[in-house]
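Student: Below is coords-v6.txt; it holds compact mmCIF, C-alpha atoms.
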```
# COMPACT_ATOMS: atom_id res chain seq x y z
CA MET A 557 27.09 -13.07 -8.50
CA GLU A 558 29.06 -12.10 -5.41
CA LYS A 559 29.03 -14.08 -2.23
CA LYS A 560 29.51 -11.35 0.39
CA GLY A 561 26.50 -11.01 2.67
CA LEU A 562 24.43 -7.87 3.05
CA LEU A 563 24.03 -6.04 6.35
CA ILE A 564 20.39 -5.08 6.75
CA VAL A 565 19.31 -2.62 9.41
CA VAL A 566 15.64 -2.62 10.35
CA SER A 567 13.97 0.04 12.48
CA GLY A 568 10.49 1.31 13.07
CA PRO A 569 8.29 2.63 15.85
CA SER A 570 7.03 0.39 18.66
CA GLY A 571 3.80 -1.15 17.46
CA ALA A 572 5.02 -1.44 13.86
CA GLY A 573 5.28 -5.20 14.17
CA LYS A 574 8.98 -5.41 13.23
CA GLY A 575 9.52 -8.63 15.18
CA THR A 576 6.68 -10.47 13.42
CA VAL A 577 7.76 -9.26 9.98
CA LEU A 578 11.36 -10.35 10.58
CA ALA A 579 10.26 -13.72 11.96
CA HIS A 580 8.38 -14.36 8.69
CA THR A 581 11.32 -13.04 6.68
CA THR A 582 13.94 -15.32 8.23
CA GLU A 583 11.52 -18.25 7.93
CA LYS A 584 11.10 -17.68 4.17
CA TYR A 585 14.67 -16.61 3.42
CA SER A 586 17.15 -19.03 4.88
CA ASN A 587 20.26 -17.03 3.98
CA LEU A 588 19.23 -14.31 6.41
CA LYS A 589 20.60 -14.43 9.97
CA TYR A 590 18.98 -12.43 12.74
CA SER A 591 21.61 -10.68 14.83
CA VAL A 592 20.93 -11.42 18.49
CA SER A 593 21.57 -8.40 20.73
CA VAL A 594 23.27 -8.35 24.11
CA THR A 595 21.31 -6.90 27.02
CA THR A 596 21.65 -6.40 30.75
CA ARG A 597 17.90 -6.39 31.37
CA ALA A 598 16.31 -9.45 32.97
CA PRO A 599 14.83 -12.09 30.63
CA ARG A 600 11.04 -11.87 30.24
CA ASP A 601 8.81 -14.95 30.35
CA GLY A 602 9.70 -17.26 27.48
CA GLU A 603 12.84 -15.40 26.40
CA VAL A 604 15.77 -17.70 25.76
CA ASP A 605 19.43 -16.74 26.16
CA GLY A 606 21.14 -16.76 22.77
CA VAL A 607 17.82 -16.71 20.90
CA ASN A 608 16.04 -13.52 21.93
CA TYR A 609 19.05 -11.88 23.56
CA PHE A 610 22.40 -12.71 25.05
CA PHE A 611 21.73 -11.87 28.72
CA LYS A 612 24.75 -10.38 30.51
CA SER A 613 25.50 -8.63 33.79
CA VAL A 614 26.25 -4.90 33.77
CA GLU A 615 29.86 -5.74 34.60
CA GLN A 616 30.15 -8.17 31.66
CA PHE A 617 28.51 -5.61 29.36
CA LYS A 618 30.90 -2.81 30.37
CA LYS A 619 33.84 -5.13 29.76
CA MET A 620 32.52 -5.80 26.24
CA VAL A 621 32.17 -2.04 25.63
CA ALA A 622 35.76 -1.47 26.80
CA GLY A 623 36.94 -4.27 24.52
CA GLY A 624 35.30 -2.68 21.45
CA GLU A 625 33.05 -5.69 21.06
CA PHE A 626 29.95 -3.74 19.94
CA LEU A 627 28.90 -2.42 16.58
CA GLU A 628 26.59 -0.06 18.47
CA HIS A 629 25.30 0.06 22.04
CA LYS A 630 23.11 2.23 24.20
CA GLU A 631 21.41 2.64 27.54
CA VAL A 632 17.61 2.66 27.76
CA HIS A 633 15.83 3.00 31.15
CA ASN A 634 18.98 1.91 33.05
CA ASN A 635 19.43 -1.17 30.89
CA TYR A 636 22.19 -1.63 28.32
CA TYR A 637 21.69 -3.02 24.83
CA GLY A 638 24.34 -3.73 22.20
CA THR A 639 24.95 -5.40 18.84
CA PRO A 640 27.89 -7.80 19.10
CA LEU A 641 30.31 -7.07 16.27
CA ALA A 642 31.99 -10.49 16.00
CA HIS A 643 28.75 -12.35 15.20
CA VAL A 644 27.83 -9.85 12.52
CA GLN A 645 31.26 -9.95 10.88
CA LYS A 646 31.49 -13.74 10.99
CA ASN A 647 28.08 -14.19 9.34
CA LEU A 648 28.76 -11.58 6.65
CA SER A 649 32.11 -13.10 5.73
CA ASP A 650 30.49 -16.55 5.60
CA GLY A 651 28.17 -15.13 2.93
CA TYR A 652 25.07 -14.82 5.08
CA ASP A 653 22.91 -11.72 5.06
CA VAL A 654 22.53 -10.29 8.54
CA VAL A 655 19.60 -8.32 9.86
CA LEU A 656 19.83 -6.01 12.87
CA GLU A 657 16.64 -4.80 14.50
CA ILE A 658 17.64 -1.58 16.24
CA ASP A 659 16.31 1.89 17.03
CA THR A 660 16.88 4.80 14.68
CA GLU A 661 19.74 6.24 16.72
CA GLY A 662 21.69 2.96 16.64
CA ALA A 663 20.81 2.51 12.97
CA LEU A 664 22.43 5.80 12.01
CA ASP A 665 25.54 4.79 14.02
CA VAL A 666 25.72 1.54 12.05
CA LYS A 667 25.30 3.42 8.75
CA ASN A 668 28.36 5.51 9.67
CA ILE A 669 30.45 2.38 10.26
CA TYR A 670 28.98 0.28 7.39
CA PRO A 671 27.93 2.80 4.71
CA ASP A 672 26.89 -0.13 2.46
CA CYS A 673 24.29 -1.39 4.91
CA VAL A 674 20.70 -1.48 3.68
CA MET A 675 18.39 0.60 5.86
CA ILE A 676 14.75 -0.51 6.04
CA PHE A 677 12.06 1.29 8.01
CA ILE A 678 8.94 -0.69 8.93
CA THR A 679 5.72 1.15 9.70
CA PRO A 680 1.98 0.58 9.70
CA GLU A 681 0.02 2.49 7.05
CA LYS A 682 -1.45 4.91 9.62
CA PHE A 683 -0.18 6.42 12.84
CA SER A 684 -3.46 5.52 14.54
CA THR A 685 -2.55 1.83 14.12
CA ILE A 686 0.60 2.37 16.22
CA GLU A 687 -1.47 3.95 18.97
CA LYS A 688 -4.02 1.15 18.83
CA ARG A 689 -1.33 -1.55 18.98
CA LEU A 690 0.52 0.14 21.87
CA ARG A 691 -2.71 0.41 23.85
CA GLY A 692 -3.82 -3.09 22.90
CA ARG A 693 -0.78 -4.88 24.24
CA SER A 694 0.08 -2.61 27.14
CA THR A 695 -0.75 -3.01 30.78
CA GLU A 696 0.88 0.34 31.46
CA SER A 697 -0.58 3.59 32.76
CA GLU A 698 -1.97 6.23 30.39
CA GLU A 699 1.09 8.37 31.12
CA GLN A 700 3.47 5.57 30.13
CA ILE A 701 1.44 4.90 26.98
CA GLN A 702 1.65 8.59 26.07
CA ILE A 703 5.46 8.44 26.43
CA ARG A 704 5.56 5.40 24.13
CA ILE A 705 3.35 7.16 21.58
CA GLN A 706 5.59 10.25 21.63
CA ASN A 707 8.65 8.02 21.19
CA ALA A 708 6.99 6.20 18.28
CA TYR A 709 6.29 9.57 16.69
CA LYS A 710 9.93 10.62 17.11
CA GLU A 711 11.12 7.36 15.54
CA LEU A 712 8.72 7.83 12.63
CA LYS A 713 10.26 11.18 11.78
CA GLN A 714 13.58 9.42 11.16
CA ALA A 715 12.10 7.35 8.29
CA VAL A 716 13.42 9.83 5.73
CA TYR A 717 17.00 8.78 6.55
CA TYR A 718 16.32 5.18 5.47
CA ASP A 719 16.70 3.59 2.04
CA TYR A 720 13.39 1.76 2.06
CA ILE A 721 10.05 1.95 3.81
CA VAL A 722 7.96 -1.20 4.22
CA VAL A 723 4.31 -0.88 5.19
CA ASN A 724 3.20 -3.60 7.56
CA GLU A 725 -0.54 -4.11 7.28
CA ASP A 726 -0.07 -7.82 6.54
CA ALA A 727 3.14 -9.22 8.08
CA GLN A 728 3.50 -11.94 5.40
CA GLN A 729 3.30 -9.35 2.62
CA ALA A 730 5.71 -7.05 4.47
CA ALA A 731 8.15 -9.98 4.78
CA MET A 732 7.89 -10.53 1.00
CA ASP A 733 8.74 -6.85 0.51
CA VAL A 734 11.82 -7.21 2.75
CA ILE A 735 12.90 -10.25 0.71
CA SER A 736 12.38 -8.32 -2.56
CA ILE A 737 14.59 -5.56 -1.18
CA ILE A 738 17.33 -8.07 -0.32
CA GLU A 739 17.08 -9.74 -3.76
CA ALA A 740 17.14 -6.35 -5.50
CA GLU A 741 20.16 -5.20 -3.47
CA LYS A 742 21.99 -8.35 -4.55
CA CYS A 743 21.37 -7.28 -8.16
CA LYS A 744 22.72 -3.76 -7.65
CA VAL A 745 25.55 -2.97 -10.04
CA LYS A 746 27.56 -1.47 -7.14
CA ASN A 747 27.37 -4.85 -5.36
CA ASN A 748 28.55 -6.73 -8.47
CA LYS A 749 31.59 -4.83 -9.66
CA LYS A 750 33.83 -7.92 -9.57
CA PHE A 751 31.30 -10.02 -11.45
CA ILE A 752 30.96 -7.32 -14.16
CA ASP A 753 34.73 -6.92 -14.44
CA ASN A 754 35.10 -10.64 -14.87
CA LEU A 755 32.27 -10.79 -17.41
CA ILE A 756 33.86 -8.08 -19.55
CA TYR A 757 37.57 -8.68 -19.13
CA GLY A 758 37.60 -12.33 -18.12
CA GLY A 759 35.45 -13.41 -21.04
CA LYS A 760 37.49 -12.03 -23.89
CA MET B 695 2.05 3.78 -0.95
CA GLU B 696 2.17 6.02 -4.03
CA LYS B 697 0.37 5.17 -7.22
CA LYS B 698 2.70 6.69 -9.83
CA GLY B 699 4.19 4.06 -12.11
CA LEU B 700 7.88 3.31 -12.48
CA LEU B 701 9.73 3.64 -15.77
CA ILE B 702 12.00 0.63 -16.17
CA VAL B 703 14.69 0.57 -18.82
CA VAL B 704 16.10 -2.82 -19.79
CA SER B 705 19.18 -3.34 -21.92
CA GLY B 706 21.67 -6.10 -22.51
CA PRO B 707 23.73 -7.59 -25.31
CA SER B 708 22.15 -9.59 -28.14
CA GLY B 709 21.94 -13.17 -26.95
CA ALA B 710 21.20 -12.16 -23.34
CA GLY B 711 17.61 -13.35 -23.64
CA LYS B 712 16.01 -10.00 -22.69
CA GLY B 713 12.84 -10.72 -24.67
CA THR B 714 12.20 -14.04 -22.93
CA VAL B 715 12.92 -12.61 -19.48
CA LEU B 716 10.54 -9.68 -20.07
CA ALA B 717 7.84 -11.96 -21.47
CA HIS B 718 7.96 -13.98 -18.21
CA THR B 719 8.07 -10.76 -16.18
CA THR B 720 4.95 -9.18 -17.74
CA GLU B 721 3.17 -12.54 -17.46
CA LYS B 722 3.85 -12.72 -13.70
CA TYR B 723 3.48 -9.03 -12.93
CA SER B 724 0.29 -7.62 -14.39
CA ASN B 725 0.97 -4.00 -13.46
CA LEU B 726 3.90 -3.92 -15.89
CA LYS B 727 3.29 -2.68 -19.44
CA TYR B 728 5.76 -3.41 -22.20
CA SER B 729 6.38 -0.31 -24.30
CA VAL B 730 5.98 -1.20 -27.97
CA SER B 731 8.56 0.56 -30.18
CA VAL B 732 7.97 2.16 -33.56
CA THR B 733 10.10 0.90 -36.46
CA THR B 734 10.45 1.42 -40.19
CA ARG B 735 11.88 -2.03 -40.79
CA ALA B 736 9.67 -4.67 -42.43
CA PRO B 737 7.80 -7.05 -40.11
CA ARG B 738 9.43 -10.46 -39.73
CA ASP B 739 7.44 -13.67 -39.88
CA GLY B 740 4.94 -13.78 -37.05
CA GLU B 741 5.46 -10.17 -35.94
CA VAL B 742 2.20 -8.32 -35.29
CA ASP B 743 1.70 -4.55 -35.71
CA GLY B 744 1.02 -3.00 -32.30
CA VAL B 745 2.30 -6.06 -30.43
CA ASN B 746 5.94 -6.51 -31.45
CA TYR B 747 6.33 -3.08 -33.05
CA PHE B 748 4.30 -0.30 -34.55
CA PHE B 749 5.36 -0.59 -38.20
CA LYS B 750 5.57 2.79 -39.94
CA SER B 751 6.92 4.16 -43.22
CA VAL B 752 10.09 6.27 -43.18
CA GLU B 753 7.94 9.31 -43.99
CA GLN B 754 5.57 8.63 -41.07
CA PHE B 755 8.54 8.07 -38.77
CA LYS B 756 10.23 11.34 -39.74
CA LYS B 757 6.96 13.19 -39.13
CA MET B 758 6.83 11.71 -35.63
CA VAL B 759 10.44 12.79 -34.99
CA ALA B 760 9.62 16.33 -36.16
CA GLY B 761 6.56 16.36 -33.89
CA GLY B 762 8.64 15.43 -30.85
CA GLU B 763 6.71 12.19 -30.44
CA PHE B 764 9.68 10.07 -29.35
CA LEU B 765 11.29 9.59 -25.97
CA GLU B 766 14.36 8.35 -27.87
CA HIS B 767 14.96 7.24 -31.43
CA LYS B 768 17.82 6.05 -33.57
CA GLU B 769 18.88 4.63 -36.92
CA VAL B 770 20.36 1.14 -37.18
CA HIS B 771 21.37 -0.37 -40.54
CA ASN B 772 19.15 2.12 -42.45
CA ASN B 773 16.13 1.36 -40.31
CA TYR B 774 14.64 3.72 -37.73
CA TYR B 775 13.52 2.74 -34.25
CA GLY B 776 11.84 4.90 -31.63
CA THR B 777 10.04 4.82 -28.27
CA PRO B 778 6.69 6.61 -28.52
CA LEU B 779 6.44 9.13 -25.68
CA ALA B 780 2.64 9.37 -25.42
CA HIS B 781 2.14 5.65 -24.64
CA VAL B 782 4.80 5.75 -21.93
CA GLN B 783 3.40 8.89 -20.29
CA LYS B 784 -0.21 7.66 -20.42
CA ASN B 785 0.66 4.32 -18.78
CA LEU B 786 2.81 5.94 -16.08
CA SER B 787 0.12 8.47 -15.16
CA ASP B 788 -2.45 5.65 -15.04
CA GLY B 789 -0.25 4.03 -12.37
CA TYR B 790 1.22 1.27 -14.54
CA ASP B 791 4.89 0.45 -14.52
CA VAL B 792 6.36 0.66 -17.99
CA VAL B 793 9.31 -1.31 -19.31
CA LEU B 794 11.37 -0.20 -22.30
CA GLU B 795 13.71 -2.70 -23.95
CA ILE B 796 16.31 -0.54 -25.67
CA ASP B 797 20.02 -0.45 -26.46
CA THR B 798 22.50 1.15 -24.07
CA GLU B 799 22.74 4.38 -26.08
CA GLY B 800 18.97 4.92 -26.02
CA ALA B 801 18.89 3.93 -22.35
CA LEU B 802 21.32 6.67 -21.37
CA ASP B 803 19.21 9.18 -23.37
CA VAL B 804 16.13 8.10 -21.41
CA LYS B 805 18.03 8.42 -18.11
CA ASN B 806 18.80 12.05 -19.00
CA ILE B 807 15.11 12.80 -19.60
CA TYR B 808 13.73 10.64 -16.76
CA PRO B 809 16.44 10.58 -14.06
CA ASP B 810 14.13 8.51 -11.84
CA CYS B 811 13.93 5.62 -14.31
CA VAL B 812 15.21 2.26 -13.09
CA MET B 813 18.01 0.92 -15.26
CA ILE B 814 18.36 -2.87 -15.46
CA PHE B 815 21.04 -4.68 -17.43
CA ILE B 816 20.38 -8.30 -18.39
CA THR B 817 23.31 -10.58 -19.16
CA PRO B 818 24.22 -14.26 -19.20
CA GLU B 819 26.70 -15.35 -16.55
CA LYS B 820 29.51 -15.77 -19.09
CA PHE B 821 30.44 -14.02 -22.30
CA SER B 822 30.84 -17.37 -24.03
CA THR B 823 27.09 -17.93 -23.64
CA ILE B 824 26.41 -14.81 -25.70
CA GLU B 825 28.68 -16.11 -28.45
CA LYS B 826 27.04 -19.52 -28.35
CA ARG B 827 23.52 -18.06 -28.53
CA LEU B 828 24.41 -15.69 -31.39
CA ARG B 829 25.93 -18.56 -33.38
CA GLY B 830 23.10 -20.91 -32.50
CA ARG B 831 20.30 -18.79 -33.86
CA SER B 832 22.12 -17.13 -36.71
CA THR B 833 22.11 -18.03 -40.39
CA GLU B 834 24.60 -15.23 -40.99
CA SER B 835 28.18 -15.31 -42.26
CA GLU B 836 31.11 -15.60 -39.86
CA GLU B 837 31.92 -11.95 -40.56
CA GLN B 838 28.40 -10.84 -39.61
CA ILE B 839 28.52 -13.00 -36.48
CA GLN B 840 31.83 -11.40 -35.50
CA ILE B 841 30.25 -7.93 -35.86
CA ARG B 842 27.37 -9.01 -33.60
CA ILE B 843 29.81 -10.42 -31.04
CA GLN B 844 31.81 -7.18 -31.06
CA ASN B 845 28.59 -5.19 -30.61
CA ALA B 846 27.53 -7.44 -27.73
CA TYR B 847 30.91 -6.82 -26.12
CA LYS B 848 30.49 -3.04 -26.52
CA GLU B 849 27.02 -3.19 -24.96
CA LEU B 850 28.35 -5.25 -22.07
CA LYS B 851 30.87 -2.56 -21.18
CA GLN B 852 27.98 -0.15 -20.53
CA ALA B 853 26.63 -2.33 -17.69
CA VAL B 854 28.42 -0.17 -15.11
CA TYR B 855 26.09 2.74 -15.92
CA TYR B 856 23.04 0.75 -14.87
CA ASP B 857 21.41 0.48 -11.44
CA TYR B 858 20.96 -3.29 -11.47
CA ILE B 859 22.41 -6.30 -13.23
CA VAL B 860 20.28 -9.42 -13.67
CA VAL B 861 21.95 -12.66 -14.67
CA ASN B 862 19.87 -14.71 -17.06
CA GLU B 863 20.80 -18.35 -16.79
CA ASP B 864 17.20 -19.35 -16.07
CA ALA B 865 14.69 -16.90 -17.59
CA GLN B 866 12.03 -17.59 -14.93
CA GLN B 867 14.51 -16.81 -12.13
CA ALA B 868 15.72 -13.71 -13.97
CA ALA B 869 12.08 -12.55 -14.28
CA MET B 870 11.67 -13.02 -10.51
CA ASP B 871 14.76 -10.84 -10.00
CA VAL B 872 13.26 -8.12 -12.22
CA ILE B 873 10.04 -8.28 -10.20
CA SER B 874 12.00 -8.05 -6.92
CA ILE B 875 13.73 -4.95 -8.28
CA ILE B 876 10.37 -3.35 -9.14
CA GLU B 877 8.91 -4.24 -5.72
CA ALA B 878 12.01 -2.90 -3.96
CA GLU B 879 11.96 0.32 -5.97
CA LYS B 880 8.35 0.83 -4.89
CA CYS B 881 9.55 0.64 -1.28
CA LYS B 882 12.31 3.23 -1.77
CA VAL B 883 11.97 6.15 0.62
CA LYS B 884 12.59 8.58 -2.24
CA ASN B 885 9.55 7.14 -4.04
CA ASN B 886 7.35 7.49 -0.95
CA LYS B 887 7.94 11.05 0.26
CA LYS B 888 4.25 11.94 0.16
CA PHE B 889 3.26 8.78 2.01
CA ILE B 890 5.85 9.49 4.73
CA ASP B 891 4.80 13.14 5.02
CA ASN B 892 1.21 12.06 5.43
CA LEU B 893 2.15 9.36 7.94
CA ILE B 894 4.02 11.84 10.10
CA TYR B 895 2.09 15.06 9.70
CA GLY B 896 -1.29 13.74 8.65
CA GLY B 897 -1.51 11.34 11.54
CA LYS B 898 -1.04 13.74 14.45
```
Take the structure in the file and give it back as structure tokens.
Tutor:
Amino acid sequence: MEKKGLLIVVSGPSGAGKGTVLAHTTEKYSNLKYSVSVTTRAPRDGEVDGVNYFFKSVEQFKKMVAGGEFLEHKEVHNNYYGTPLAHVQKNLSDGYDVVLEIDTEGALDVKNIYPDCVMIFITPEKFSTIEKRLRGRSTESEEQIQIRIQNAYKELKQAVYYDYIVVNEDAQQAAMDVISIIEAEKCKVKNNKKFIDNLIYGGK
Amino acid sequence: MEKKGLLIVVSGPSGAGKGTVLAHTTEKYSNLKYSVSVTTRAPRDGEVDGVNYFFKSVEQFKKMVAGGEFLEHKEVHNNYYGTPLAHVQKNLSDGYDVVLEIDTEGALDVKNIYPDCVMIFITPEKFSTIEKRLRGRSTESEEQIQIRIQNAYKELKQAVYYDYIVVNEDAQQAAMDVISIIEAEKCKVKNNKKFIDNLIYGGK
């Protein structure tokens, strides 16, 4: 089978548990590399540069934008976030599968640039779970929580533009579903044209 | 997630080991039902009516054809083979996934009737393996073996019309690939429209 890595784009509303699912996925599936984003926001407690994010100044970030160093980037609440292109390309050409965890807007940008990327949407089984999780972990005001809930709802409506939807009620099971999707994509005929050509015309 | 079963069509050249792969698959994945074909050919040693095939007379078979009881049927070397429609439909509506093991011609007929079926092509990694397996198990003349090899080669060329290609070097691994494909298909957005609608519009 072919050696080229797959680009996997994962989105889902806040409270869907994307981070936990992907942590289990990369743990179980060693060929998968998590693409670390660049951000200008300050590190939170426990966040490590190069692991959770690459932390940069606004000036450094803008220089990277000007240099075309991002696959996609955006501004959220006066902070910049971006997916560094070079890391993604290097891993893919080394045969690793790469997963990006980005919002639906960035995901559709990536799909335009890499039409072969695999788009996975992670969601809980019920919207009420999102609300419960957002309230459970938040120390924010009711107004801020309402904004987050509205945003989650907007993200959810974008699910129809994805290839796959993974329900996260049990993060280990959801990770197994993500791995099945990767394995299945590797079996797709469209991803194995060279192999098939060689099988038919190389073997006779 | 939705409960409707998937129709899975498996083909591959003689000597690809489809039977062994599917035996491992149904063993590991209990929701998958193997569709037993109808045939007019005589049972071989050890073959059980209703397990390997439904054995029918030519007269019975022709009556079934006239009654529209087949999803697809064909004649090979003066014997008739067919996929009984009722069994497939009953299992699918009961929520089981159904796998048909049929030749590439029958598979493309099924795709026309059930465009949502999942088409999987099973093959060894190299054409020489097919030749070796056909020679290894055959008590036939060189001429007959050559016909089988030519047929295998013709079947192989149809792989490009399938959705997935599974390489069978290790039948257990190939069965895991088939299961990943089924699990991934169940996560496809197009197979979860109702779930997504309900998530978005039922939850607010």
Student: Counting only C-alpha atoms, note down every residue that has an atom within 12 Å of the point (6.4, -5.9, -27.6) (file coordinates), as a count of residues only.
Tutor: 28
Student: From the set A:Val722, A:Ala622, A:Met732, A:Met675, which residue has the shortest atom-to-atom contact distance to Ala663 in chain A, counting only C-alpha atoms?
Tutor: A:Met675
Student: Near chain A, which residues of chain B fall within 7 Å when you count only C-alpha atoms, and what do they look like as a list in words?
Tutor: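 So the residues of chain B near chain A are Lys820, Phe821, Ser822, Leu850, Lys851, Val854, Tyr856, Asp857, Tyr858, Ile859, Val860, Asp871, Ser874, Ile875, Glu877, Ala878, Cys881, Lys882, Val883, Leu893, Ile894 and Gly897 of chain B.
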Student: Quick check, in Å to one decimal: how far apart do CA of Gln866 in chain B and CA of Lys722 in chain B lie?
Tutor: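 Atom-to-atom, CA of Gln866 in chain B to CA of Lys722 in chain B, that is 9.6 Å.
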Student: What does the structure give for the distance between CA of Gly573 in chain A and CA of Glu725 in chain A, in Å to one decimal?
Tutor: 9.1 Å
Student: Select, counting all atoms listed in the file, all protein, DNA and RNA residues no farther than 8 Å from (0.8, -0.1, 23.0) in file coordinates, and express the selection as a short mmCIF file (atom, residue, chain, number, x, y, z; two decimals) with C-alpha atoms, keeping the file's coordinate frame.
Tutor:
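As a result, out-v9.cif now contains:
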```cif
data_model
loop_
_atom_site.label_atom_id
_atom_site.label_comp_id
_atom_site.auth_asym_id
_atom_site.auth_seq_id
_atom_site.Cartn_x
_atom_site.Cartn_y
_atom_site.Cartn_z
CA SER A 570 7.03 0.39 18.66
CA GLY A 571 3.80 -1.15 17.46
CA ILE A 686 0.60 2.37 16.22
CA GLU A 687 -1.47 3.95 18.97
CA LYS A 688 -4.02 1.15 18.83
CA ARG A 689 -1.33 -1.55 18.98
CA LEU A 690 0.52 0.14 21.87
CA ARG A 691 -2.71 0.41 23.85
CA GLY A 692 -3.82 -3.09 22.90
CA ARG A 693 -0.78 -4.88 24.24
CA SER A 694 0.08 -2.61 27.14
CA ILE A 701 1.44 4.90 26.98
CA ARG A 704 5.56 5.40 24.13
CA ILE A 705 3.35 7.16 21.58
#
```
Student: So how far away is CA of Asn724 in chain A from CA of Ile678 in chain A, in Å?
Tutor: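 Between these atoms lies a distance of 6.6 Å.
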